[in-house]
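Raw my_file_39.txt, compact mmCIF, N, CA, C and O atoms:
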```txt
# COMPACT_ATOMS: atom_id res chain seq x y z
N MET R 9 -54.18 -286.17 -23.06
CA MET R 9 -53.42 -286.04 -24.29
C MET R 9 -51.94 -286.07 -23.97
O MET R 9 -51.50 -285.50 -22.99
N ASN R 10 -51.24 -286.71 -24.82
CA ASN R 10 -49.81 -286.78 -24.60
C ASN R 10 -49.08 -285.78 -25.50
O ASN R 10 -49.68 -285.03 -26.26
N ARG R 11 -47.80 -285.83 -25.41
CA ARG R 11 -46.98 -284.85 -26.13
C ARG R 11 -47.08 -285.03 -27.65
O ARG R 11 -47.06 -284.07 -28.40
N PHE R 12 -47.19 -286.27 -28.11
CA PHE R 12 -47.30 -286.57 -29.53
C PHE R 12 -48.57 -285.95 -30.12
O PHE R 12 -48.56 -285.39 -31.22
N THR R 13 -49.67 -285.99 -29.40
CA THR R 13 -50.94 -285.43 -29.86
C THR R 13 -50.83 -283.91 -30.01
O THR R 13 -51.30 -283.33 -30.99
N HIS R 14 -50.21 -283.29 -29.03
CA HIS R 14 -50.02 -281.83 -29.11
C HIS R 14 -49.15 -281.46 -30.31
O HIS R 14 -49.40 -280.48 -30.99
N THR R 15 -48.12 -282.26 -30.55
CA THR R 15 -47.25 -281.99 -31.69
C THR R 15 -48.01 -282.15 -33.00
O THR R 15 -47.85 -281.35 -33.93
N LEU R 16 -48.86 -283.17 -33.09
CA LEU R 16 -49.67 -283.35 -34.30
C LEU R 16 -50.64 -282.20 -34.51
O LEU R 16 -50.83 -281.73 -35.64
N ILE R 17 -51.25 -281.74 -33.44
CA ILE R 17 -52.19 -280.62 -33.54
C ILE R 17 -51.46 -279.36 -34.02
O ILE R 17 -51.93 -278.64 -34.90
N LYS R 18 -50.29 -279.10 -33.45
CA LYS R 18 -49.51 -277.93 -33.86
C LYS R 18 -49.07 -278.03 -35.31
O LYS R 18 -49.15 -277.07 -36.08
N ALA R 19 -48.60 -279.21 -35.71
CA ALA R 19 -48.15 -279.39 -37.09
C ALA R 19 -49.31 -279.26 -38.06
O ALA R 19 -49.17 -278.66 -39.14
N GLY R 20 -50.46 -279.79 -37.69
CA GLY R 20 -51.64 -279.65 -38.54
C GLY R 20 -52.09 -278.21 -38.67
O GLY R 20 -52.49 -277.75 -39.75
N SER R 21 -52.03 -277.47 -37.59
CA SER R 21 -52.42 -276.05 -37.62
C SER R 21 -51.48 -275.26 -38.51
O SER R 21 -51.91 -274.42 -39.31
N ILE R 22 -50.20 -275.51 -38.38
CA ILE R 22 -49.21 -274.80 -39.19
C ILE R 22 -49.38 -275.15 -40.66
O ILE R 22 -49.33 -274.28 -41.54
N ALA R 23 -49.63 -276.43 -40.95
CA ALA R 23 -49.83 -276.84 -42.34
C ALA R 23 -51.08 -276.20 -42.93
O ALA R 23 -51.09 -275.77 -44.09
N THR R 24 -52.14 -276.13 -42.14
CA THR R 24 -53.38 -275.50 -42.61
C THR R 24 -53.17 -274.02 -42.91
O THR R 24 -53.63 -273.51 -43.93
N LEU R 25 -52.48 -273.34 -42.02
CA LEU R 25 -52.19 -271.92 -42.25
C LEU R 25 -51.31 -271.72 -43.47
O LEU R 25 -51.51 -270.79 -44.25
N ALA R 26 -50.33 -272.58 -43.64
CA ALA R 26 -49.44 -272.46 -44.79
C ALA R 26 -50.19 -272.71 -46.09
O ALA R 26 -50.00 -271.99 -47.08
N MET R 27 -51.05 -273.70 -46.11
CA MET R 27 -51.83 -273.98 -47.32
C MET R 27 -52.78 -272.82 -47.63
O MET R 27 -52.95 -272.44 -48.78
N GLY R 28 -53.38 -272.26 -46.59
CA GLY R 28 -54.29 -271.14 -46.79
C GLY R 28 -53.58 -269.90 -47.29
O GLY R 28 -54.12 -269.14 -48.10
N SER R 29 -52.35 -269.69 -46.83
CA SER R 29 -51.62 -268.50 -47.27
C SER R 29 -51.24 -268.59 -48.74
O SER R 29 -51.04 -267.57 -49.40
N TYR R 30 -51.14 -269.80 -49.29
CA TYR R 30 -50.89 -269.96 -50.71
C TYR R 30 -52.17 -270.03 -51.53
O TYR R 30 -52.23 -269.57 -52.65
N ALA R 31 -53.21 -270.61 -50.96
CA ALA R 31 -54.44 -270.82 -51.71
C ALA R 31 -55.28 -269.55 -51.82
O ALA R 31 -55.85 -269.27 -52.87
N LEU R 32 -55.38 -268.78 -50.75
CA LEU R 32 -56.26 -267.60 -50.77
C LEU R 32 -55.83 -266.54 -51.77
O LEU R 32 -56.68 -266.02 -52.50
N PRO R 33 -54.56 -266.17 -51.85
CA PRO R 33 -54.19 -265.18 -52.89
C PRO R 33 -54.43 -265.68 -54.30
O PRO R 33 -54.82 -264.92 -55.18
N ALA R 34 -54.23 -266.98 -54.53
CA ALA R 34 -54.46 -267.52 -55.87
C ALA R 34 -55.94 -267.42 -56.23
O ALA R 34 -56.29 -267.08 -57.36
N VAL R 35 -56.81 -267.68 -55.28
CA VAL R 35 -58.25 -267.58 -55.53
C VAL R 35 -58.65 -266.13 -55.74
O VAL R 35 -59.44 -265.81 -56.62
N ALA R 36 -58.08 -265.24 -54.95
CA ALA R 36 -58.42 -263.82 -55.07
C ALA R 36 -57.94 -263.24 -56.39
O ALA R 36 -58.62 -262.42 -57.01
N LEU R 37 -56.78 -263.67 -56.86
CA LEU R 37 -56.26 -263.15 -58.12
C LEU R 37 -56.97 -263.77 -59.32
O LEU R 37 -57.02 -263.17 -60.39
N ALA R 38 -57.51 -264.96 -59.15
CA ALA R 38 -58.21 -265.61 -60.25
C ALA R 38 -59.60 -265.03 -60.47
O ALA R 38 -60.16 -265.15 -61.55
N ALA R 39 -60.18 -264.40 -59.47
CA ALA R 39 -61.53 -263.84 -59.60
C ALA R 39 -61.49 -262.61 -60.50
O ALA R 39 -60.57 -261.79 -60.42
N PRO R 40 -62.47 -262.45 -61.38
CA PRO R 40 -62.49 -261.28 -62.25
C PRO R 40 -62.84 -260.02 -61.45
O PRO R 40 -63.64 -260.06 -60.53
N PRO R 41 -62.22 -258.90 -61.79
CA PRO R 41 -62.57 -257.66 -61.09
C PRO R 41 -63.95 -257.19 -61.52
O PRO R 41 -64.17 -256.84 -62.67
N ASN R 42 -64.89 -257.22 -60.61
CA ASN R 42 -66.26 -256.87 -60.97
C ASN R 42 -66.72 -255.55 -60.39
O ASN R 42 -67.82 -255.11 -60.67
N ASN R 43 -65.93 -254.94 -59.55
CA ASN R 43 -66.35 -253.65 -59.02
C ASN R 43 -65.37 -252.58 -59.50
O ASN R 43 -64.20 -252.63 -59.24
N THR R 44 -65.89 -251.65 -60.24
CA THR R 44 -65.08 -250.56 -60.75
C THR R 44 -65.52 -249.26 -60.09
O THR R 44 -66.68 -249.09 -59.70
N VAL R 45 -64.61 -248.36 -59.97
CA VAL R 45 -64.88 -247.06 -59.37
C VAL R 45 -64.82 -246.02 -60.47
O VAL R 45 -63.79 -245.86 -61.13
N ALA R 46 -65.90 -245.34 -60.67
CA ALA R 46 -65.95 -244.29 -61.68
C ALA R 46 -65.85 -242.94 -60.98
O ALA R 46 -66.72 -242.56 -60.21
N ILE R 47 -64.77 -242.25 -61.23
CA ILE R 47 -64.56 -240.93 -60.63
C ILE R 47 -64.96 -239.90 -61.66
O ILE R 47 -64.42 -239.86 -62.77
N THR R 48 -65.91 -239.06 -61.29
CA THR R 48 -66.39 -238.05 -62.23
C THR R 48 -65.67 -236.73 -61.99
O THR R 48 -64.98 -236.54 -61.00
N ALA R 49 -65.86 -235.83 -62.92
CA ALA R 49 -65.26 -234.50 -62.79
C ALA R 49 -65.83 -233.77 -61.59
O ALA R 49 -65.12 -233.01 -60.92
N ALA R 50 -67.10 -234.00 -61.28
CA ALA R 50 -67.71 -233.35 -60.11
C ALA R 50 -67.06 -233.83 -58.82
O ALA R 50 -66.86 -233.03 -57.89
N ASP R 51 -66.71 -235.10 -58.76
CA ASP R 51 -66.02 -235.62 -57.57
C ASP R 51 -64.66 -234.95 -57.42
O ASP R 51 -64.25 -234.56 -56.31
N LEU R 52 -63.95 -234.82 -58.53
CA LEU R 52 -62.63 -234.17 -58.48
C LEU R 52 -62.74 -232.70 -58.09
O LEU R 52 -61.93 -232.19 -57.31
N GLN R 53 -63.76 -232.03 -58.60
CA GLN R 53 -63.96 -230.62 -58.25
C GLN R 53 -64.30 -230.48 -56.77
O GLN R 53 -63.83 -229.56 -56.10
N ALA R 54 -65.14 -231.38 -56.25
CA ALA R 54 -65.51 -231.30 -54.84
C ALA R 54 -64.29 -231.52 -53.95
O ALA R 54 -64.12 -230.83 -52.94
N LYS R 55 -63.45 -232.46 -54.33
CA LYS R 55 -62.25 -232.71 -53.54
C LYS R 55 -61.29 -231.54 -53.65
O LYS R 55 -60.65 -231.14 -52.67
N ALA R 56 -61.19 -230.93 -54.83
CA ALA R 56 -60.33 -229.76 -55.01
C ALA R 56 -60.84 -228.60 -54.17
O ALA R 56 -60.04 -227.85 -53.59
N ASP R 57 -62.16 -228.43 -54.08
CA ASP R 57 -62.71 -227.37 -53.25
C ASP R 57 -62.38 -227.60 -51.77
O ASP R 57 -62.07 -226.66 -51.04
N HIS R 58 -62.46 -228.85 -51.36
CA HIS R 58 -62.11 -229.17 -49.97
C HIS R 58 -60.64 -228.84 -49.70
O HIS R 58 -60.31 -228.26 -48.67
N TYR R 59 -59.77 -229.19 -50.64
CA TYR R 59 -58.35 -228.89 -50.47
C TYR R 59 -58.10 -227.39 -50.47
O TYR R 59 -57.22 -226.90 -49.75
N ALA R 60 -58.86 -226.65 -51.24
CA ALA R 60 -58.71 -225.19 -51.25
C ALA R 60 -59.14 -224.60 -49.89
O ALA R 60 -58.53 -223.64 -49.42
N LYS R 61 -60.17 -225.18 -49.29
CA LYS R 61 -60.57 -224.73 -47.95
C LYS R 61 -59.48 -225.03 -46.92
O LYS R 61 -59.23 -224.22 -46.02
N MET R 62 -58.85 -226.18 -47.07
CA MET R 62 -57.74 -226.52 -46.16
C MET R 62 -56.60 -225.52 -46.33
O MET R 62 -56.01 -225.06 -45.36
N GLU R 63 -56.32 -225.18 -47.58
CA GLU R 63 -55.25 -224.21 -47.84
C GLU R 63 -55.58 -222.86 -47.23
O GLU R 63 -54.75 -222.23 -46.60
N ALA R 64 -56.83 -222.43 -47.39
CA ALA R 64 -57.25 -221.13 -46.83
C ALA R 64 -57.16 -221.15 -45.31
O ALA R 64 -56.80 -220.13 -44.69
N ASP R 65 -57.48 -222.28 -44.72
CA ASP R 65 -57.40 -222.40 -43.26
C ASP R 65 -55.96 -222.23 -42.79
O ASP R 65 -55.69 -221.50 -41.83
N TYR R 66 -55.02 -222.89 -43.46
CA TYR R 66 -53.62 -222.76 -43.06
C TYR R 66 -53.09 -221.37 -43.36
O TYR R 66 -52.27 -220.84 -42.60
N ARG R 67 -53.53 -220.75 -44.43
CA ARG R 67 -53.09 -219.36 -44.70
C ARG R 67 -53.62 -218.41 -43.65
O ARG R 67 -52.96 -217.45 -43.27
N ALA R 68 -54.84 -218.68 -43.15
CA ALA R 68 -55.41 -217.82 -42.11
C ALA R 68 -54.66 -217.97 -40.79
O ALA R 68 -54.54 -217.02 -40.02
N ARG R 69 -54.16 -219.17 -40.53
CA ARG R 69 -53.41 -219.40 -39.29
C ARG R 69 -51.99 -218.84 -39.33
O ARG R 69 -51.37 -218.64 -38.29
N MET R 70 -51.49 -218.59 -40.52
CA MET R 70 -50.10 -218.18 -40.69
C MET R 70 -49.93 -216.72 -40.25
O MET R 70 -50.63 -215.83 -40.71
N ARG R 71 -49.00 -216.51 -39.37
CA ARG R 71 -48.63 -215.16 -38.93
C ARG R 71 -47.12 -215.00 -39.10
O ARG R 71 -46.36 -215.94 -38.87
N VAL R 72 -46.69 -213.82 -39.47
CA VAL R 72 -45.27 -213.59 -39.77
C VAL R 72 -44.42 -213.67 -38.50
O VAL R 72 -43.30 -214.15 -38.53
N ASP R 73 -44.96 -213.25 -37.37
CA ASP R 73 -44.15 -213.17 -36.17
C ASP R 73 -44.17 -214.45 -35.32
O ASP R 73 -43.63 -214.45 -34.23
N GLU R 74 -44.74 -215.53 -35.82
CA GLU R 74 -44.78 -216.77 -35.05
C GLU R 74 -43.67 -217.72 -35.47
O GLU R 74 -43.17 -217.66 -36.59
N LYS R 75 -43.31 -218.60 -34.54
CA LYS R 75 -42.28 -219.59 -34.84
C LYS R 75 -42.77 -220.61 -35.87
O LYS R 75 -42.01 -221.12 -36.66
N HIS R 76 -44.05 -220.92 -35.83
CA HIS R 76 -44.60 -221.96 -36.68
C HIS R 76 -45.11 -221.45 -38.02
O HIS R 76 -45.82 -222.17 -38.72
N SER R 77 -44.76 -220.24 -38.39
CA SER R 77 -45.28 -219.69 -39.63
C SER R 77 -44.78 -220.47 -40.85
O SER R 77 -45.52 -220.63 -41.82
N ILE R 78 -43.54 -220.97 -40.81
CA ILE R 78 -43.02 -221.70 -41.95
C ILE R 78 -43.76 -223.03 -42.12
O ILE R 78 -44.00 -223.49 -43.24
N GLN R 79 -44.17 -223.63 -41.00
CA GLN R 79 -44.95 -224.86 -41.10
C GLN R 79 -46.32 -224.59 -41.73
O GLN R 79 -46.78 -225.35 -42.58
N MET R 80 -46.95 -223.52 -41.30
CA MET R 80 -48.25 -223.18 -41.86
C MET R 80 -48.13 -222.83 -43.34
O MET R 80 -48.97 -223.20 -44.15
N PHE R 81 -47.06 -222.13 -43.68
CA PHE R 81 -46.82 -221.77 -45.07
C PHE R 81 -46.61 -223.03 -45.93
O PHE R 81 -47.16 -223.16 -47.02
N THR R 82 -45.84 -223.97 -45.42
CA THR R 82 -45.57 -225.20 -46.14
C THR R 82 -46.84 -226.02 -46.31
O THR R 82 -47.11 -226.55 -47.41
N LEU R 83 -47.64 -226.13 -45.26
CA LEU R 83 -48.89 -226.88 -45.36
C LEU R 83 -49.87 -226.20 -46.31
O LEU R 83 -50.57 -226.88 -47.08
N ALA R 84 -49.93 -224.88 -46.25
CA ALA R 84 -50.82 -224.16 -47.16
C ALA R 84 -50.40 -224.40 -48.61
O ALA R 84 -51.25 -224.63 -49.47
N ASN R 85 -49.10 -224.36 -48.88
CA ASN R 85 -48.63 -224.62 -50.24
C ASN R 85 -48.90 -226.05 -50.67
O ASN R 85 -49.24 -226.30 -51.84
N TYR R 86 -48.78 -227.00 -49.75
CA TYR R 86 -49.07 -228.40 -50.06
C TYR R 86 -50.52 -228.55 -50.51
O TYR R 86 -50.80 -229.17 -51.54
N TRP R 87 -51.46 -227.98 -49.74
CA TRP R 87 -52.88 -228.11 -50.08
C TRP R 87 -53.21 -227.32 -51.35
O TRP R 87 -54.07 -227.72 -52.13
N TYR R 88 -52.53 -226.20 -51.55
CA TYR R 88 -52.74 -225.42 -52.77
C TYR R 88 -52.39 -226.24 -54.01
O TYR R 88 -53.16 -226.31 -54.96
N HIS R 89 -51.21 -226.84 -53.99
CA HIS R 89 -50.76 -227.62 -55.15
C HIS R 89 -51.61 -228.88 -55.34
O HIS R 89 -51.87 -229.28 -56.48
N LYS R 90 -52.04 -229.46 -54.24
CA LYS R 90 -52.90 -230.64 -54.36
C LYS R 90 -54.24 -230.26 -55.00
O LYS R 90 -54.76 -230.98 -55.86
N ALA R 91 -54.80 -229.12 -54.61
CA ALA R 91 -56.05 -228.65 -55.21
C ALA R 91 -55.85 -228.31 -56.68
O ALA R 91 -56.71 -228.63 -57.51
N GLN R 92 -54.73 -227.68 -57.01
CA GLN R 92 -54.46 -227.34 -58.41
C GLN R 92 -54.34 -228.59 -59.28
O GLN R 92 -54.84 -228.63 -60.40
N ASN R 93 -53.66 -229.62 -58.76
CA ASN R 93 -53.53 -230.87 -59.51
C ASN R 93 -54.89 -231.51 -59.76
O ASN R 93 -55.15 -232.02 -60.86
N LEU R 94 -55.77 -231.47 -58.77
CA LEU R 94 -57.10 -232.05 -58.96
C LEU R 94 -57.93 -231.23 -59.93
O LEU R 94 -58.71 -231.77 -60.71
N ARG R 95 -57.77 -229.92 -59.89
CA ARG R 95 -58.51 -229.09 -60.84
C ARG R 95 -58.06 -229.36 -62.27
O ARG R 95 -58.87 -229.42 -63.19
N MET R 96 -56.76 -229.55 -62.45
CA MET R 96 -56.26 -229.88 -63.78
C MET R 96 -56.75 -231.25 -64.22
O MET R 96 -57.08 -231.45 -65.39
N ALA R 97 -56.83 -232.19 -63.28
CA ALA R 97 -57.33 -233.53 -63.62
C ALA R 97 -58.81 -233.45 -63.99
O ALA R 97 -59.26 -234.15 -64.90
N ALA R 98 -59.56 -232.58 -63.32
CA ALA R 98 -60.98 -232.43 -63.64
C ALA R 98 -61.14 -231.81 -65.02
O ALA R 98 -62.05 -232.16 -65.77
N LEU R 99 -60.26 -230.89 -65.37
CA LEU R 99 -60.32 -230.29 -66.71
C LEU R 99 -59.98 -231.32 -67.79
O LEU R 99 -60.52 -231.27 -68.88
N ASP R 100 -59.08 -232.24 -67.46
CA ASP R 100 -58.72 -233.29 -68.42
C ASP R 100 -59.88 -234.23 -68.70
O ASP R 100 -59.93 -234.87 -69.75
N THR R 101 -60.83 -234.33 -67.75
CA THR R 101 -61.99 -235.19 -67.96
C THR R 101 -63.08 -234.48 -68.76
O THR R 101 -64.09 -235.09 -69.08
N GLY R 102 -62.90 -233.21 -69.04
CA GLY R 102 -63.87 -232.50 -69.87
C GLY R 102 -64.82 -231.62 -69.08
O GLY R 102 -65.83 -231.18 -69.62
N ALA R 103 -64.52 -231.32 -67.85
CA ALA R 103 -65.40 -230.49 -67.04
C ALA R 103 -65.16 -229.02 -67.36
O ALA R 103 -64.09 -228.62 -67.81
N ALA R 104 -66.16 -228.22 -67.11
CA ALA R 104 -66.02 -226.76 -67.29
C ALA R 104 -65.14 -226.22 -66.17
O ALA R 104 -65.25 -226.67 -65.02
N PRO R 105 -64.27 -225.26 -66.45
CA PRO R 105 -63.39 -224.74 -65.41
C PRO R 105 -64.15 -223.95 -64.37
O PRO R 105 -65.11 -223.24 -64.67
N ARG R 106 -63.72 -224.10 -63.11
CA ARG R 106 -64.30 -223.33 -62.00
C ARG R 106 -63.23 -222.39 -61.48
O ARG R 106 -62.10 -222.79 -61.26
N LEU R 107 -63.58 -221.18 -61.26
CA LEU R 107 -62.62 -220.22 -60.75
C LEU R 107 -62.90 -219.88 -59.32
O LEU R 107 -63.91 -219.97 -58.81
```

Rewrite the coordinates I just gave you, this time as structure tokens.
Amino acid sequence: MNRFTHTLIKAGSIATLAMGSYALPAVALAAPPNNTVAITAADLQAKADHYAKMEADYRARMRVDEKHSIQMFTLANYWYHKAQNLRMAALDTGAAPRL
């Protein structure tokens, strides 16, 4: 093979990749969305319970006399608020409140 053949192969490869990069998103966007995800109130409650366990874990690790207590406090508050937001979202879907 000579240099011209290598150049043609490279140009063809680049052109193929360029055409594919334009064609594939157009095909993907043209397809109708056929898979939907239904999130139920029970799913939200289960996730909120998991987040509450994470919060309890960080609160248990938190000690006043440690250097890392502020980090544990911050993480515990993060998981607490995340669990509260999910519980409120579950209530908005019509689920019975869990205490």

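Straight-line separation from atom N of Thr82 (chain R) to atom O of Ala68 (chain R): 12.4 Å.
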
- line: Correct to one decimal, the distance CA of Ser77 (chain R)-CA of Ala54 (chain R) is 27.8 Å

- prompt: Leaving out Tyr59 (chain R) and any residue of its chain fewer than 3 positions from it, which residues lie within 6 Å of it when counting all atoms listed in the file, given as a PyMOL selection string?
  reply: chain R and resi 54-56+62-64+87-88+91

message: Measuring between all atoms listed in the file, which one of R:Lys90, R:Ala26, R:Tyr66, R:Arg71 shows the shortest distance to Leu52 (chain R)?
response: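 Counting all atoms listed in the file, the residue closest to Leu52 (chain R) is R:Lys90.
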
message: If I take atom O of Gln79 (chain R) and CA of Arg67 (chain R), how far is one from the other in Å, to one decimal?
response: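 Spanning atom O of Gln79 (chain R) to CA of Arg67 (chain R) is a straight-line distance of 9.0 Å.
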